[in-house]
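A quick write-up on the structure given underneath.
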Amino acid sequence: MLISIPIPDLKNPPSLKFPERCANCGKPKDETLGLSFDMGVQKKSEQVFMKISVPMCKTCADKERSIAKVTLIPFVVGGFIVGAIVFLPALLIAPEGTTPQTLNLPFVLAGCAFLIVGIIFGTIIEAIVKIFSIPVYGKLVTKRPLTIFSFFSNTDDLIGVSAKFVKDKKVVELQFENEEIAKEFKTINNL
Ligand SMILES: [Zn+2]
């Protein structure tokens with residue numbers, strides 16, 4: 001279920017309440033994890049953030065903390081291995097420089113090949129690993145931006161909760177994996 005939360009005043013984002021149990025599996029709450037969005041405005045010359053505290057049980061919180069296993073790690077390791085495989089052939093076939101300034105040319109070209117191929121294949125491998133991790137991490141895991149795009153992303157995610165800030169529309173969109181929690185959340189916050 002996708003829930004839109006209007007933020008009429010970006011300088012004063014609403015504080016949201018959650019049911020007092022794990023937002024992913026519904027078990028008793030052990031701790032809270034945070035989602036945070038930069039509202040893109042300033043108040044008293046300080047950047048305004050909307051912070052959302054999400055209740056989690058220990059198991060789900062631990063899963064969230066280990067999410068790098070299916071995001072960052074496959075990207076880096078996969079990318080590095082494939083990049084390394086093309087590095088050596090690229091180094092061998094790259095034209096050699098003839099002047100002292102261009103002597104390093106094969107290394108520069110092979111390095112570029114390493115980076116480009118590494119990023120492309122790292123991203124592909126990460127996407128595949130994510131699909132296979134759905135049974136463990138839930139289907140919202142595929143909603144998370146791929147590592148390479150995460151720096152430009154306006155989303156923030158936790159196990160079972162995917163959130164996106166759309167500044168033009170002045171809304172935060174929350175998506176829950178657990179429909180029951182989503183319904184309760186709507187009721188508590190009068191949405
Ligand atoms: Zn849980």
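Simple scheme: letters A, B, ... for chains in structure tokens order, numbers from 1 for residues in each chain, numbers from 1 for ligands in the order shown.
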
**OP:** Report as a ChimeraX atom specification which protein, DNA and RNA residues come within 9 Å of ligand 1, using only C-alpha atoms and all ligand atoms.
**Re:** /A:21-30,55-61,159-160

Original post:
Can you tell me, as a list of chain:residue names, what residues are no more than 8 Å from range 134-148 of chain A when counting only C-alpha atoms, ignoring any on the same chain fewer than 6 positions away?
Top reply: A:Lys63, A:Thr71, A:Leu72, A:Phe75, A:Ile119, A:Thr123, A:Glu126, A:Ala127, A:Thr155, A:Asp156, A:Asp157, A:Ile159, A:Gly160, A:Val161, A:Ser162, A:Glu177

Subject >> In range 2-152 of chain A, DSSP strand (DSSP E or B) residues written as a ChimeraX atom specification >> reply: /A:2-6,21,28,31-43,46-56

Just N, CA and C atoms for this one: save the residues we selected as a PDB file, in the first residue's frame.
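Dumped to again20.pdb:
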```pdb
ATOM      1  N   LEU A   2       0.544   2.187  -0.887  1.00  0.00           N
ATOM      2  CA  LEU A   2       1.310   3.422  -0.981  1.00  0.00           C
ATOM      3  C   LEU A   2       0.545   4.529  -0.260  1.00  0.00           C
ATOM      4  N   ILE A   3       1.188   5.164   0.698  1.00  0.00           N
ATOM      5  CA  ILE A   3       0.527   6.207   1.471  1.00  0.00           C
ATOM      6  C   ILE A   3       1.242   7.531   1.229  1.00  0.00           C
ATOM      7  N   SER A   4       0.480   8.537   0.804  1.00  0.00           N
ATOM      8  CA  SER A   4       1.066   9.860   0.569  1.00  0.00           C
ATOM      9  C   SER A   4       0.835  10.748   1.775  1.00  0.00           C
ATOM     10  N   ILE A   5       1.922  11.324   2.259  1.00  0.00           N
ATOM     11  CA  ILE A   5       1.802  12.220   3.405  1.00  0.00           C
ATOM     12  C   ILE A   5       2.106  13.638   2.942  1.00  0.00           C
ATOM     13  N   PRO A   6       1.080  14.501   2.939  1.00  0.00           N
ATOM     14  CA  PRO A   6       1.310  15.868   2.485  1.00  0.00           C
ATOM     15  C   PRO A   6       2.148  16.655   3.482  1.00  0.00           C
ATOM     16  N   ARG A  21       4.796  -1.545  17.098  1.00  0.00           N
ATOM     17  CA  ARG A  21       5.365  -2.857  16.841  1.00  0.00           C
ATOM     18  C   ARG A  21       6.157  -2.807  15.556  1.00  0.00           C
ATOM     19  N   PRO A  28       6.695  -7.593  18.556  1.00  0.00           N
ATOM     20  CA  PRO A  28       6.919  -6.480  19.488  1.00  0.00           C
ATOM     21  C   PRO A  28       8.161  -5.664  19.129  1.00  0.00           C
ATOM     22  N   GLU A  31      13.439  -1.742  19.034  1.00  0.00           N
ATOM     23  CA  GLU A  31      14.200  -0.504  18.854  1.00  0.00           C
ATOM     24  C   GLU A  31      13.569   0.308  17.725  1.00  0.00           C
ATOM     25  N   THR A  32      14.096   1.502  17.481  1.00  0.00           N
ATOM     26  CA  THR A  32      13.604   2.268  16.327  1.00  0.00           C
ATOM     27  C   THR A  32      14.763   2.580  15.408  1.00  0.00           C
ATOM     28  N   LEU A  33      14.468   2.566  14.113  1.00  0.00           N
ATOM     29  CA  LEU A  33      15.459   2.959  13.123  1.00  0.00           C
ATOM     30  C   LEU A  33      14.930   4.210  12.434  1.00  0.00           C
ATOM     31  N   GLY A  34      15.834   4.991  11.901  1.00  0.00           N
ATOM     32  CA  GLY A  34      15.405   6.276  11.362  1.00  0.00           C
ATOM     33  C   GLY A  34      15.435   6.379   9.849  1.00  0.00           C
ATOM     34  N   LEU A  35      14.462   7.137   9.326  1.00  0.00           N
ATOM     35  CA  LEU A  35      14.492   7.562   7.934  1.00  0.00           C
ATOM     36  C   LEU A  35      14.647   9.070   7.987  1.00  0.00           C
ATOM     37  N   SER A  36      15.336   9.641   7.025  1.00  0.00           N
ATOM     38  CA  SER A  36      15.561  11.071   7.093  1.00  0.00           C
ATOM     39  C   SER A  36      15.533  11.680   5.687  1.00  0.00           C
ATOM     40  N   PHE A  37      14.837  12.819   5.572  1.00  0.00           N
ATOM     41  CA  PHE A  37      14.776  13.501   4.283  1.00  0.00           C
ATOM     42  C   PHE A  37      15.156  14.959   4.422  1.00  0.00           C
ATOM     43  N   ASP A  38      15.998  15.397   3.522  1.00  0.00           N
ATOM     44  CA  ASP A  38      16.370  16.797   3.448  1.00  0.00           C
ATOM     45  C   ASP A  38      15.226  17.523   2.741  1.00  0.00           C
ATOM     46  N   MET A  39      14.565  18.452   3.445  1.00  0.00           N
ATOM     47  CA  MET A  39      13.415  19.143   2.864  1.00  0.00           C
ATOM     48  C   MET A  39      13.827  20.178   1.818  1.00  0.00           C
ATOM     49  N   GLY A  40      15.125  20.429   1.736  1.00  0.00           N
ATOM     50  CA  GLY A  40      15.611  21.363   0.729  1.00  0.00           C
ATOM     51  C   GLY A  40      15.313  22.814   1.050  1.00  0.00           C
ATOM     52  N   VAL A  41      14.963  23.080   2.302  1.00  0.00           N
ATOM     53  CA  VAL A  41      14.732  24.470   2.729  1.00  0.00           C
ATOM     54  C   VAL A  41      15.486  24.711   4.039  1.00  0.00           C
ATOM     55  N   GLN A  42      15.636  25.982   4.367  1.00  0.00           N
ATOM     56  CA  GLN A  42      16.331  26.313   5.604  1.00  0.00           C
ATOM     57  C   GLN A  42      15.408  27.037   6.563  1.00  0.00           C
ATOM     58  N   LYS A  43      15.662  26.812   7.849  1.00  0.00           N
ATOM     59  CA  LYS A  43      14.924  27.514   8.894  1.00  0.00           C
ATOM     60  C   LYS A  43      15.969  28.025   9.878  1.00  0.00           C
ATOM     61  N   GLU A  46      19.380  26.944   9.173  1.00  0.00           N
ATOM     62  CA  GLU A  46      19.732  25.522   9.293  1.00  0.00           C
ATOM     63  C   GLU A  46      18.867  24.705   8.349  1.00  0.00           C
ATOM     64  N   GLN A  47      19.503  23.726   7.739  1.00  0.00           N
ATOM     65  CA  GLN A  47      18.791  22.853   6.818  1.00  0.00           C
ATOM     66  C   GLN A  47      17.687  22.080   7.576  1.00  0.00           C
ATOM     67  N   VAL A  48      16.509  21.990   6.974  1.00  0.00           N
ATOM     68  CA  VAL A  48      15.403  21.294   7.633  1.00  0.00           C
ATOM     69  C   VAL A  48      15.339  19.837   7.169  1.00  0.00           C
ATOM     70  N   PHE A  49      15.297  18.937   8.124  1.00  0.00           N
ATOM     71  CA  PHE A  49      15.154  17.517   7.821  1.00  0.00           C
ATOM     72  C   PHE A  49      13.847  16.992   8.385  1.00  0.00           C
ATOM     73  N   MET A  50      13.241  16.099   7.632  1.00  0.00           N
ATOM     74  CA  MET A  50      12.098  15.389   8.188  1.00  0.00           C
ATOM     75  C   MET A  50      12.626  14.044   8.667  1.00  0.00           C
ATOM     76  N   LYS A  51      12.455  13.791   9.961  1.00  0.00           N
ATOM     77  CA  LYS A  51      12.968  12.545  10.524  1.00  0.00           C
ATOM     78  C   LYS A  51      11.798  11.648  10.895  1.00  0.00           C
ATOM     79  N   ILE A  52      11.887  10.417  10.509  1.00  0.00           N
ATOM     80  CA  ILE A  52      10.823   9.459  10.787  1.00  0.00           C
ATOM     81  C   ILE A  52      11.422   8.299  11.581  1.00  0.00           C
ATOM     82  N   SER A  53      10.884   8.056  12.768  1.00  0.00           N
ATOM     83  CA  SER A  53      11.371   6.933  13.579  1.00  0.00           C
ATOM     84  C   SER A  53      10.468   5.730  13.363  1.00  0.00           C
ATOM     85  N   VAL A  54      11.062   4.653  12.937  1.00  0.00           N
ATOM     86  CA  VAL A  54      10.286   3.466  12.597  1.00  0.00           C
ATOM     87  C   VAL A  54      10.578   2.335  13.590  1.00  0.00           C
ATOM     88  N   PRO A  55       9.532   1.847  14.283  1.00  0.00           N
ATOM     89  CA  PRO A  55       9.755   0.743  15.228  1.00  0.00           C
ATOM     90  C   PRO A  55      10.133  -0.546  14.498  1.00  0.00           C
ATOM     91  N   MET A  56      11.066  -1.281  15.094  1.00  0.00           N
ATOM     92  CA  MET A  56      11.523  -2.537  14.491  1.00  0.00           C
ATOM     93  C   MET A  56      11.749  -3.560  15.600  1.00  0.00           C
TER      94      MET A  56
END
```

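The nearest approach to Phe176 in chain A among the residues A:Asp62, A:Phe18, A:Thr102, A:Phe132, with only C-alpha atoms taken into account, belongs to A:Phe18.
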
Original post:
Between A:Ala68, A:Asn154, A:Ala113, A:Met1, which has the minimum distance to Ala84 in chain A (counting only C-alpha atoms)?
Top reply: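 So, comparing all the options, the nearest one is A:Ala113.
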
Original post:
What does the distance between CA of Ile73 in chain A and CA of Phe114 in chain A come to in Å, to one decimal place?
Top reply: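 Computing it gives 17.4 Å between the two atoms.
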
**OP:** Just list the residues in chain A DSSP gives alpha helix (DSSP H) on the backbone, as a VMD selection string.
**Re:** chain A and resid 58 to 65 72 to 93 105 to 132 134 to 137 147 to 150 179 to 188

Kindly export the residues of the current selection with C-alpha atoms, as an mmCIF file, in the first residue's frame.
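And here's result-v1.cif as it stands now:
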```
data_model
loop_
_atom_site.group_PDB
_atom_site.id
_atom_site.type_symbol
_atom_site.label_atom_id
_atom_site.label_comp_id
_atom_site.auth_asym_id
_atom_site.auth_seq_id
_atom_site.Cartn_x
_atom_site.Cartn_y
_atom_site.Cartn_z
ATOM 1 C CA LYS A 58 15.545 -7.045 16.809
ATOM 2 C CA THR A 59 15.487 -9.571 13.941
ATOM 3 C CA CYS A 60 14.325 -7.070 11.330
ATOM 4 C CA ALA A 61 16.656 -4.329 12.609
ATOM 5 C CA ASP A 62 19.585 -6.752 12.328
ATOM 6 C CA LYS A 63 18.470 -7.634 8.814
ATOM 7 C CA GLU A 64 18.373 -3.956 7.934
ATOM 8 C CA ARG A 65 21.893 -3.474 9.266
ATOM 9 C CA LEU A 72 26.922 -2.550 -1.663
ATOM 10 C CA ILE A 73 28.934 -5.759 -1.351
ATOM 11 C CA PRO A 74 27.748 -7.469 -4.565
ATOM 12 C CA PHE A 75 28.257 -4.169 -6.378
ATOM 13 C CA VAL A 76 31.821 -3.663 -5.142
ATOM 14 C CA VAL A 77 32.957 -7.295 -5.210
ATOM 15 C CA GLY A 78 31.192 -8.158 -8.489
ATOM 16 C CA GLY A 79 32.403 -4.975 -10.136
ATOM 17 C CA PHE A 80 35.944 -5.492 -8.928
ATOM 18 C CA ILE A 81 36.174 -9.068 -10.185
ATOM 19 C CA VAL A 82 34.754 -8.355 -13.651
ATOM 20 C CA GLY A 83 36.785 -5.137 -13.873
ATOM 21 C CA ALA A 84 39.960 -7.012 -12.992
ATOM 22 C CA ILE A 85 39.216 -9.602 -15.689
ATOM 23 C CA VAL A 86 39.178 -6.912 -18.398
ATOM 24 C CA PHE A 87 42.040 -4.895 -16.947
ATOM 25 C CA LEU A 88 44.872 -7.150 -18.110
ATOM 26 C CA PRO A 89 43.702 -7.720 -21.719
ATOM 27 C CA ALA A 90 42.938 -3.994 -21.987
ATOM 28 C CA LEU A 91 46.443 -3.210 -20.762
ATOM 29 C CA LEU A 92 47.951 -5.544 -23.366
ATOM 30 C CA ILE A 93 45.973 -4.313 -26.376
ATOM 31 C CA LEU A 105 48.535 5.603 -21.692
ATOM 32 C CA PRO A 106 47.906 1.836 -21.548
ATOM 33 C CA PHE A 107 47.465 2.044 -17.773
ATOM 34 C CA VAL A 108 45.075 4.961 -18.077
ATOM 35 C CA LEU A 109 43.012 3.187 -20.749
ATOM 36 C CA ALA A 110 43.001 -0.107 -18.866
ATOM 37 C CA GLY A 111 42.056 1.769 -15.690
ATOM 38 C CA CYS A 112 39.119 3.395 -17.494
ATOM 39 C CA ALA A 113 38.032 0.003 -18.843
ATOM 40 C CA PHE A 114 38.278 -1.396 -15.311
ATOM 41 C CA LEU A 115 36.048 1.371 -13.911
ATOM 42 C CA ILE A 116 33.435 1.385 -16.664
ATOM 43 C CA VAL A 117 33.106 -2.384 -16.918
ATOM 44 C CA GLY A 118 33.271 -2.696 -13.120
ATOM 45 C CA ILE A 119 30.453 -0.210 -12.566
ATOM 46 C CA ILE A 120 28.235 -1.729 -15.258
ATOM 47 C CA PHE A 121 28.712 -5.336 -14.192
ATOM 48 C CA GLY A 122 28.720 -4.464 -10.487
ATOM 49 C CA THR A 123 25.301 -2.873 -10.978
ATOM 50 C CA ILE A 124 23.978 -5.858 -12.962
ATOM 51 C CA ILE A 125 25.254 -8.298 -10.337
ATOM 52 C CA GLU A 126 23.759 -6.211 -7.542
ATOM 53 C CA ALA A 127 20.362 -6.173 -9.300
ATOM 54 C CA ILE A 128 20.445 -9.969 -9.669
ATOM 55 C CA VAL A 129 21.497 -10.546 -6.049
ATOM 56 C CA LYS A 130 18.637 -8.290 -4.886
ATOM 57 C CA ILE A 131 16.065 -10.320 -6.810
ATOM 58 C CA PHE A 132 17.361 -13.527 -5.214
ATOM 59 C CA ILE A 134 13.538 -11.121 -1.887
ATOM 60 C CA PRO A 135 12.621 -14.179 0.238
ATOM 61 C CA VAL A 136 14.883 -12.889 3.041
ATOM 62 C CA TYR A 137 14.668 -9.100 2.735
ATOM 63 C CA THR A 147 24.338 1.652 -5.263
ATOM 64 C CA ILE A 148 25.484 3.616 -8.289
ATOM 65 C CA PHE A 149 22.315 5.744 -8.202
ATOM 66 C CA SER A 150 21.938 5.986 -4.448
ATOM 67 C CA GLU A 179 -0.587 -4.212 4.752
ATOM 68 C CA GLU A 180 -1.890 -4.495 8.294
ATOM 69 C CA ILE A 181 0.750 -2.086 9.630
ATOM 70 C CA ALA A 182 0.009 0.245 6.713
ATOM 71 C CA LYS A 183 -3.702 0.363 7.649
ATOM 72 C CA GLU A 184 -2.916 1.026 11.307
ATOM 73 C CA PHE A 185 -0.426 3.717 10.334
ATOM 74 C CA LYS A 186 -3.077 5.444 8.233
ATOM 75 C CA THR A 187 -5.569 5.380 11.084
ATOM 76 C CA ILE A 188 -3.152 6.687 13.719
#
```

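CA of Val171 in chain A is positioned 5.5 Å from CA of Ile7 in chain A.
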